[in-house]
$ cat run_27.pdb   # PDB, C-alpha atoms and all ligand atoms
ATOM      1  CA  MET A 406     232.706  68.384 290.353  1.00  0.00           C
ATOM      2  CA  ASN A 407     235.747  66.332 291.338  1.00  0.00           C
ATOM      3  CA  GLN A 408     235.832  63.448 293.816  1.00  0.00           C
ATOM      4  CA  THR A 409     237.145  65.522 296.739  1.00  0.00           C
ATOM      5  CA  GLU A 410     234.273  67.992 296.423  1.00  0.00           C
ATOM      6  CA  GLN A 411     231.760  65.144 296.306  1.00  0.00           C
ATOM      7  CA  PHE A 412     233.292  63.629 299.417  1.00  0.00           C
ATOM      8  CA  ASP A 413     233.125  66.979 301.213  1.00  0.00           C
ATOM      9  CA  ARG A 414     229.452  67.401 300.305  1.00  0.00           C
ATOM     10  CA  LYS A 415     228.688  63.911 301.613  1.00  0.00           C
ATOM     11  CA  LYS A 416     230.549  64.690 304.826  1.00  0.00           C
ATOM     12  CA  THR A 417     228.738  68.025 305.151  1.00  0.00           C
ATOM     13  CA  ILE A 418     225.311  66.433 304.629  1.00  0.00           C
ATOM     14  CA  LYS A 419     226.142  63.857 307.304  1.00  0.00           C
ATOM     15  CA  LEU A 420     227.281  66.600 309.683  1.00  0.00           C
ATOM     16  CA  LEU A 421     224.064  68.611 309.212  1.00  0.00           C
ATOM     17  CA  ARG A 422     221.886  65.516 309.672  1.00  0.00           C
ATOM     18  CA  SER A 423     223.757  64.639 312.878  1.00  0.00           C
ATOM     19  CA  ARG A 424     222.615  68.020 314.270  1.00  0.00           C
ATOM     20  CA  ASN A 425     218.991  67.627 313.084  1.00  0.00           C
ATOM     21  CA  ILE A 426     219.477  70.276 310.395  1.00  0.00           C
ATOM     22  CA  ALA A 427     217.773  69.414 307.121  1.00  0.00           C
ATOM     23  CA  PRO A 428     220.565  69.424 304.490  1.00  0.00           C
ATOM     24  CA  THR A 429     218.954  71.710 301.900  1.00  0.00           C
ATOM     25  CA  ARG A 430     221.182  72.740 298.978  1.00  0.00           C
ATOM     26  CA  PRO A 431     221.797  76.303 300.270  1.00  0.00           C
ATOM     27  CA  ARG A 432     222.643  75.007 303.747  1.00  0.00           C
ATOM     28  CA  VAL A 433     225.102  72.455 302.366  1.00  0.00           C
ATOM     29  CA  ASP A 434     226.689  75.139 300.143  1.00  0.00           C
ATOM     30  CA  ILE A 435     227.018  77.550 303.065  1.00  0.00           C
ATOM     31  CA  ALA A 436     228.320  74.817 305.411  1.00  0.00           C
ATOM     32  CA  ALA A 437     230.941  73.776 302.849  1.00  0.00           C
ATOM     33  CA  ILE A 438     232.302  77.330 302.897  1.00  0.00           C
ATOM     34  CA  LEU A 439     232.032  77.850 306.654  1.00  0.00           C
ATOM     35  CA  PHE A 440     233.526  74.542 307.741  1.00  0.00           C
ATOM     36  CA  SER A 441     236.291  74.288 305.128  1.00  0.00           C
ATOM     37  CA  LYS A 442     238.626  75.727 307.810  1.00  0.00           C
ATOM     38  CA  PRO A 443     238.343  77.279 311.286  1.00  0.00           C
ATOM     39  CA  GLN A 444     237.295  80.890 310.728  1.00  0.00           C
ATOM     40  CA  HIS A 445     235.632  83.937 312.216  1.00  0.00           C
ATOM     41  CA  VAL A 446     233.139  85.633 309.891  1.00  0.00           C
ATOM     42  CA  SER A 447     230.414  88.238 310.111  1.00  0.00           C
ATOM     43  CA  ALA A 448     227.197  87.642 308.172  1.00  0.00           C
ATOM     44  CA  ASP A 449     228.433  90.211 305.631  1.00  0.00           C
ATOM     45  CA  ASP A 450     231.822  88.440 305.279  1.00  0.00           C
ATOM     46  CA  LEU A 451     229.963  85.201 304.650  1.00  0.00           C
ATOM     47  CA  ILE A 452     227.669  86.759 302.050  1.00  0.00           C
ATOM     48  CA  GLU A 453     230.763  88.058 300.254  1.00  0.00           C
ATOM     49  CA  LEU A 454     232.393  84.589 300.361  1.00  0.00           C
ATOM     50  CA  ILE A 455     229.199  83.007 299.013  1.00  0.00           C
ATOM     51  CA  ARG A 456     229.086  85.479 296.107  1.00  0.00           C
ATOM     52  CA  LYS A 457     232.786  84.827 295.335  1.00  0.00           C
ATOM     53  CA  ASN A 458     231.951  81.112 295.105  1.00  0.00           C
ATOM     54  CA  ASN A 459     229.120  81.884 292.658  1.00  0.00           C
ATOM     55  CA  ILE A 460     226.465  80.479 294.961  1.00  0.00           C
ATOM     56  CA  GLN A 461     222.986  81.971 294.654  1.00  0.00           C
ATOM     57  CA  VAL A 462     221.317  82.400 298.035  1.00  0.00           C
ATOM     58  CA  SER A 463     219.347  85.273 299.504  1.00  0.00           C
ATOM     59  CA  ARG A 464     220.516  87.277 302.523  1.00  0.00           C
ATOM     60  CA  ALA A 465     217.511  85.932 304.449  1.00  0.00           C
ATOM     61  CA  THR A 466     218.632  82.355 303.756  1.00  0.00           C
ATOM     62  CA  VAL A 467     222.141  83.181 304.956  1.00  0.00           C
ATOM     63  CA  TYR A 468     220.788  84.641 308.210  1.00  0.00           C
ATOM     64  CA  ASN A 469     218.384  81.711 308.732  1.00  0.00           C
ATOM     65  CA  THR A 470     221.171  79.222 308.033  1.00  0.00           C
ATOM     66  CA  LEU A 471     223.544  80.939 310.474  1.00  0.00           C
ATOM     67  CA  SER A 472     220.809  80.800 313.097  1.00  0.00           C
ATOM     68  CA  ALA A 473     220.147  77.082 312.436  1.00  0.00           C
ATOM     69  CA  PHE A 474     223.896  76.315 312.659  1.00  0.00           C
ATOM     70  CA  VAL A 475     224.184  78.190 315.983  1.00  0.00           C
ATOM     71  CA  ASP A 476     221.143  76.311 317.342  1.00  0.00           C
ATOM     72  CA  GLY A 477     222.674  73.037 316.147  1.00  0.00           C
ATOM     73  CA  GLY A 478     225.948  73.797 317.940  1.00  0.00           C
ATOM     74  CA  LEU A 479     227.978  74.048 314.727  1.00  0.00           C
ATOM     75  CA  LEU A 480     228.783  77.736 315.153  1.00  0.00           C
ATOM     76  CA  LYS A 481     229.476  79.950 318.113  1.00  0.00           C
ATOM     77  CA  LYS A 482     228.411  83.596 318.317  1.00  0.00           C
ATOM     78  CA  LEU A 483     231.056  86.098 319.373  1.00  0.00           C
ATOM     79  CA  PHE A 484     229.913  89.581 320.275  1.00  0.00           C
ATOM     80  CA  ILE A 485     233.044  91.628 319.792  1.00  0.00           C
ATOM     81  CA  SER A 486     231.071  94.772 320.596  1.00  0.00           C
ATOM     82  CA  PRO A 487     227.371  95.355 321.290  1.00  0.00           C
ATOM     83  CA  THR A 488     226.843  95.962 317.569  1.00  0.00           C
ATOM     84  CA  VAL A 489     229.356  93.575 315.989  1.00  0.00           C
ATOM     85  CA  LEU A 490     228.483  89.882 315.838  1.00  0.00           C
ATOM     86  CA  ILE A 491     230.989  87.365 314.506  1.00  0.00           C
ATOM     87  CA  TYR A 492     230.409  83.646 313.926  1.00  0.00           C
ATOM     88  CA  ASP A 493     233.156  81.226 314.938  1.00  0.00           C
ATOM     89  CA  SER A 494     233.310  77.895 313.096  1.00  0.00           C
ATOM     90  CA  ASN A 495     235.435  76.527 315.944  1.00  0.00           C
ATOM     91  CA  THR A 496     233.024  75.666 318.778  1.00  0.00           C
ATOM     92  CA  GLU A 497     235.766  74.292 321.058  1.00  0.00           C
ATOM     93  CA  ASN A 498     236.321  76.211 324.272  1.00  0.00           C
ATOM     94  CA  HIS A 499     238.820  78.987 323.480  1.00  0.00           C
ATOM     95  CA  GLN A 500     239.420  82.714 323.891  1.00  0.00           C
ATOM     96  CA  HIS A 501     240.451  85.384 321.390  1.00  0.00           C
ATOM     97  CA  ILE A 502     242.780  88.247 320.718  1.00  0.00           C
ATOM     98  CA  LEU A 503     241.262  91.096 318.750  1.00  0.00           C
ATOM     99  CA  ASN A 504     243.761  93.208 316.854  1.00  0.00           C
ATOM    100  CA  GLU A 505     242.265  96.654 317.233  1.00  0.00           C
ATOM    101  CA  GLU A 506     244.217  98.029 314.260  1.00  0.00           C
ATOM    102  CA  THR A 507     243.229  95.415 311.685  1.00  0.00           C
ATOM    103  CA  GLY A 508     240.092  93.877 313.217  1.00  0.00           C
ATOM    104  CA  GLU A 509     241.738  90.453 312.900  1.00  0.00           C
ATOM    105  CA  ILE A 510     240.635  87.837 315.438  1.00  0.00           C
ATOM    106  CA  THR A 511     243.122  85.198 316.564  1.00  0.00           C
ATOM    107  CA  ASP A 512     242.292  82.073 318.581  1.00  0.00           C
ATOM    108  CA  LEU A 513     243.921  81.560 321.969  1.00  0.00           C
ATOM    109  CA  HIS A 514     243.704  77.901 322.943  1.00  0.00           C
ATOM    110  CA  ASP A 515     246.013  77.800 325.948  1.00  0.00           C
ATOM    111  CA  ILE A 516     243.923  80.033 328.203  1.00  0.00           C
ATOM    112  CA  ASP A 517     242.343  78.082 331.035  1.00  0.00           C
ATOM    113  CA  SER A 518     238.673  78.984 330.517  1.00  0.00           C
ATOM    114  CA  GLU A 519     237.577  76.952 333.541  1.00  0.00           C
ATOM    115  CA  SER A 520     239.774  79.089 335.817  1.00  0.00           C
ATOM    116  CA  LEU A 521     238.342  82.248 334.246  1.00  0.00           C
ATOM    117  CA  LYS A 522     234.820  80.950 334.938  1.00  0.00           C
ATOM    118  CA  GLU A 523     235.727  80.214 338.572  1.00  0.00           C
ATOM    119  CA  LEU A 524     237.264  83.665 338.955  1.00  0.00           C
ATOM    120  CA  ALA A 525     234.161  85.327 337.497  1.00  0.00           C
ATOM    121  CA  ALA A 526     231.887  83.239 339.757  1.00  0.00           C
ATOM    122  CA  LEU A 527     233.956  84.295 342.790  1.00  0.00           C
ATOM    123  CA  GLN A 528     233.709  87.978 341.845  1.00  0.00           C
ATOM    124  CA  LEU A 529     229.928  87.678 341.394  1.00  0.00           C
ATOM    125  CA  GLN A 530     229.628  85.904 344.725  1.00  0.00           C
ATOM    126  CA  LYS A 531     231.456  88.810 346.403  1.00  0.00           C
ATOM    127  CA  MET A 532     228.916  91.184 344.836  1.00  0.00           C
ATOM    128  CA  ASP A 533     226.076  88.932 346.007  1.00  0.00           C
ATOM    129  CA  ILE A 534     224.985  88.167 342.461  1.00  0.00           C
ATOM    130  CA  PRO A 535     223.818  84.530 342.429  1.00  0.00           C
ATOM    131  CA  LEU A 536     224.450  83.671 338.786  1.00  0.00           C
ATOM    132  CA  LYS A 537     225.787  80.418 337.431  1.00  0.00           C
ATOM    133  CA  ILE A 538     228.435  81.100 334.807  1.00  0.00           C
ATOM    134  CA  THR A 539     227.861  78.835 331.796  1.00  0.00           C
ATOM    135  CA  ASP A 540     230.372  80.319 329.387  1.00  0.00           C
ATOM    136  CA  ILE A 541     232.944  83.049 329.426  1.00  0.00           C
ATOM    137  CA  GLN A 542     234.279  84.913 326.432  1.00  0.00           C
ATOM    138  CA  ILE A 543     237.109  87.337 326.789  1.00  0.00           C
ATOM    139  CA  PHE A 544     238.596  89.368 323.998  1.00  0.00           C
ATOM    140  CA  PHE A 545     242.164  90.354 324.642  1.00  0.00           C
ATOM    141  CA  LYS A 546     242.459  93.562 322.691  1.00  0.00           C
ATOM    142  CA  ALA A 547     245.899  94.264 321.285  1.00  0.00           C
ATOM    143  CA  LYS A 548     247.546  96.725 318.944  1.00  0.00           C
ATOM    144  CA  SER A 549     249.284  93.929 317.094  1.00  0.00           C
ATOM    145  CA  THR A 550     249.192  90.147 317.503  1.00  0.00           C
ATOM    146  CA  ASN A 551     252.394  89.459 315.553  1.00  0.00           C
ATOM    147  CA  SER A 552     254.813  89.574 318.467  1.00  0.00           C
ATOM    148  CA  ILE A 553     252.496  87.510 320.703  1.00  0.00           C
ATOM    149  CA  LEU A 554     252.033  84.597 318.349  1.00  0.00           C
ATOM    150  CA  GLN A 555     255.526  84.125 316.973  1.00  0.00           C
TER
HETATM  151 ZN    ZN B   1     237.757  81.414 317.587  1.00  0.00          ZN
END

$ encode --input "run_27.pdb" --output "structure tokens"
Amino acid sequence: MNQTEQFDRKKTIKLLRSRNIAPTRPRVDIAAILFSKPQHVSADDLIELIRKNNIQVSRATVYNTLSAFVDGGLLKKLFISPTVLIYDSNTENHQHILNEETGEITDLHDIDSESLKELAALQLQKMDIPLKITDIQIFFKAKSTNSILQ
């Protein structure tokens, strides 16, 4: 293991401890993969990444770890359909574009989420539904994201 990897593990252990997550070896290994860059992964994508990195952990551990990271505020759940759950390693407030052809998810940071929340609250008020909006997630579905993001 080189010095950079050691530093990253130390940083990862500190991060997990700061969220009251016991830094067990599998959790640190999984966190190192998940938080190496901002990414959107399904549990299956993550399991594949873990196998590619020659890390031995059971599926159950992966699911438990994902759950612990969500509870600790390190990951955000994105339901891109009622049956498809994606984990976002970027927990900052942002929206997404889903490329319907490739399944690729792209972050949209310049959308004013607060305005969207207000708009949704106003619509609910009109329908006499007294809910307090805590978060809003919108997927802009597109055929291709290339032209939008260049
Ligand atoms: Zn995202």

$ closest_atom_pairs --input "run_27.pdb" --of "chain A" --to "ligand ZN 1 (chain B)" --cutoff "8 Å" --atoms "all atoms listed in the file" --output "Markdown table"
| residue | atom | partner | partner_atom | distance |
| --- | --- | --- | --- | --- |
| A:Pro443 | CA | B:ZN1 | ZN | 7.6 |
| A:Gln444 | CA | B:ZN1 | ZN | 6.9 |
| A:His445 | CA | B:ZN1 | ZN | 6.3 |
| A:Asp493 | CA | B:ZN1 | ZN | 5.3 |
| A:Ser494 | CA | B:ZN1 | ZN | 7.2 |
| A:Asn495 | CA | B:ZN1 | ZN | 5.7 |
| A:Thr496 | CA | B:ZN1 | ZN | 7.5 |
| A:His499 | CA | B:ZN1 | ZN | 6.5 |
| A:Gln500 | CA | B:ZN1 | ZN | 6.6 |
| A:His501 | CA | B:ZN1 | ZN | 6.1 |
| A:Ile510 | CA | B:ZN1 | ZN | 7.4 |
| A:Thr511 | CA | B:ZN1 | ZN | 6.6 |
| A:Asp512 | CA | B:ZN1 | ZN | 4.7 |
| A:Leu513 | CA | B:ZN1 | ZN | 7.6 |

$ write_last_selection --input "run_27.pdb" --atoms "C-alpha atoms" --output "compact mmCIF listing (two decimals), in the frame of the given file"
# COMPACT_ATOMS: atom_id res chain seq x y z
CA PRO A 443 238.34 77.28 311.29
CA GLN A 444 237.30 80.89 310.73
CA HIS A 445 235.63 83.94 312.22
CA ASP A 493 233.16 81.23 314.94
CA SER A 494 233.31 77.90 313.10
CA ASN A 495 235.44 76.53 315.94
CA THR A 496 233.02 75.67 318.78
CA HIS A 499 238.82 78.99 323.48
CA GLN A 500 239.42 82.71 323.89
CA HIS A 501 240.45 85.38 321.39
CA ILE A 510 240.64 87.84 315.44
CA THR A 511 243.12 85.20 316.56
CA ASP A 512 242.29 82.07 318.58
CA LEU A 513 243.92 81.56 321.97

$ residues_around --input "run_27.pdb" --residues "Ala436 in chain A" --least-positions-apart "3" --cutoff "10 Å" --atoms "only C-alpha atoms" --output "ChimeraX atom specification"
/A:414,417-418,420-421,428,430-433,439-441,470-471,474,479,494

$ resolve_selection --input "run_27.pdb" --expression "the PyMOL selection byres (((chain A and resi 537) around 12) and not hetatm)" --output "NGL selection string"
:A and (522-523 or 525-530 or 534-536 or 538-541)

$ closest_residue --input "run_27.pdb" --among "A:Met532, A:Lys548, A:Leu521, A:Ser463" --to "Ile502 in chain A" --atoms "all atoms listed in the file"
A:Lys548

$ atom_distance --input "run_27.pdb" --atom1 "CA of Asp434 in chain A" --atom2 "CA of Lys457 in chain A"
12.4 Å
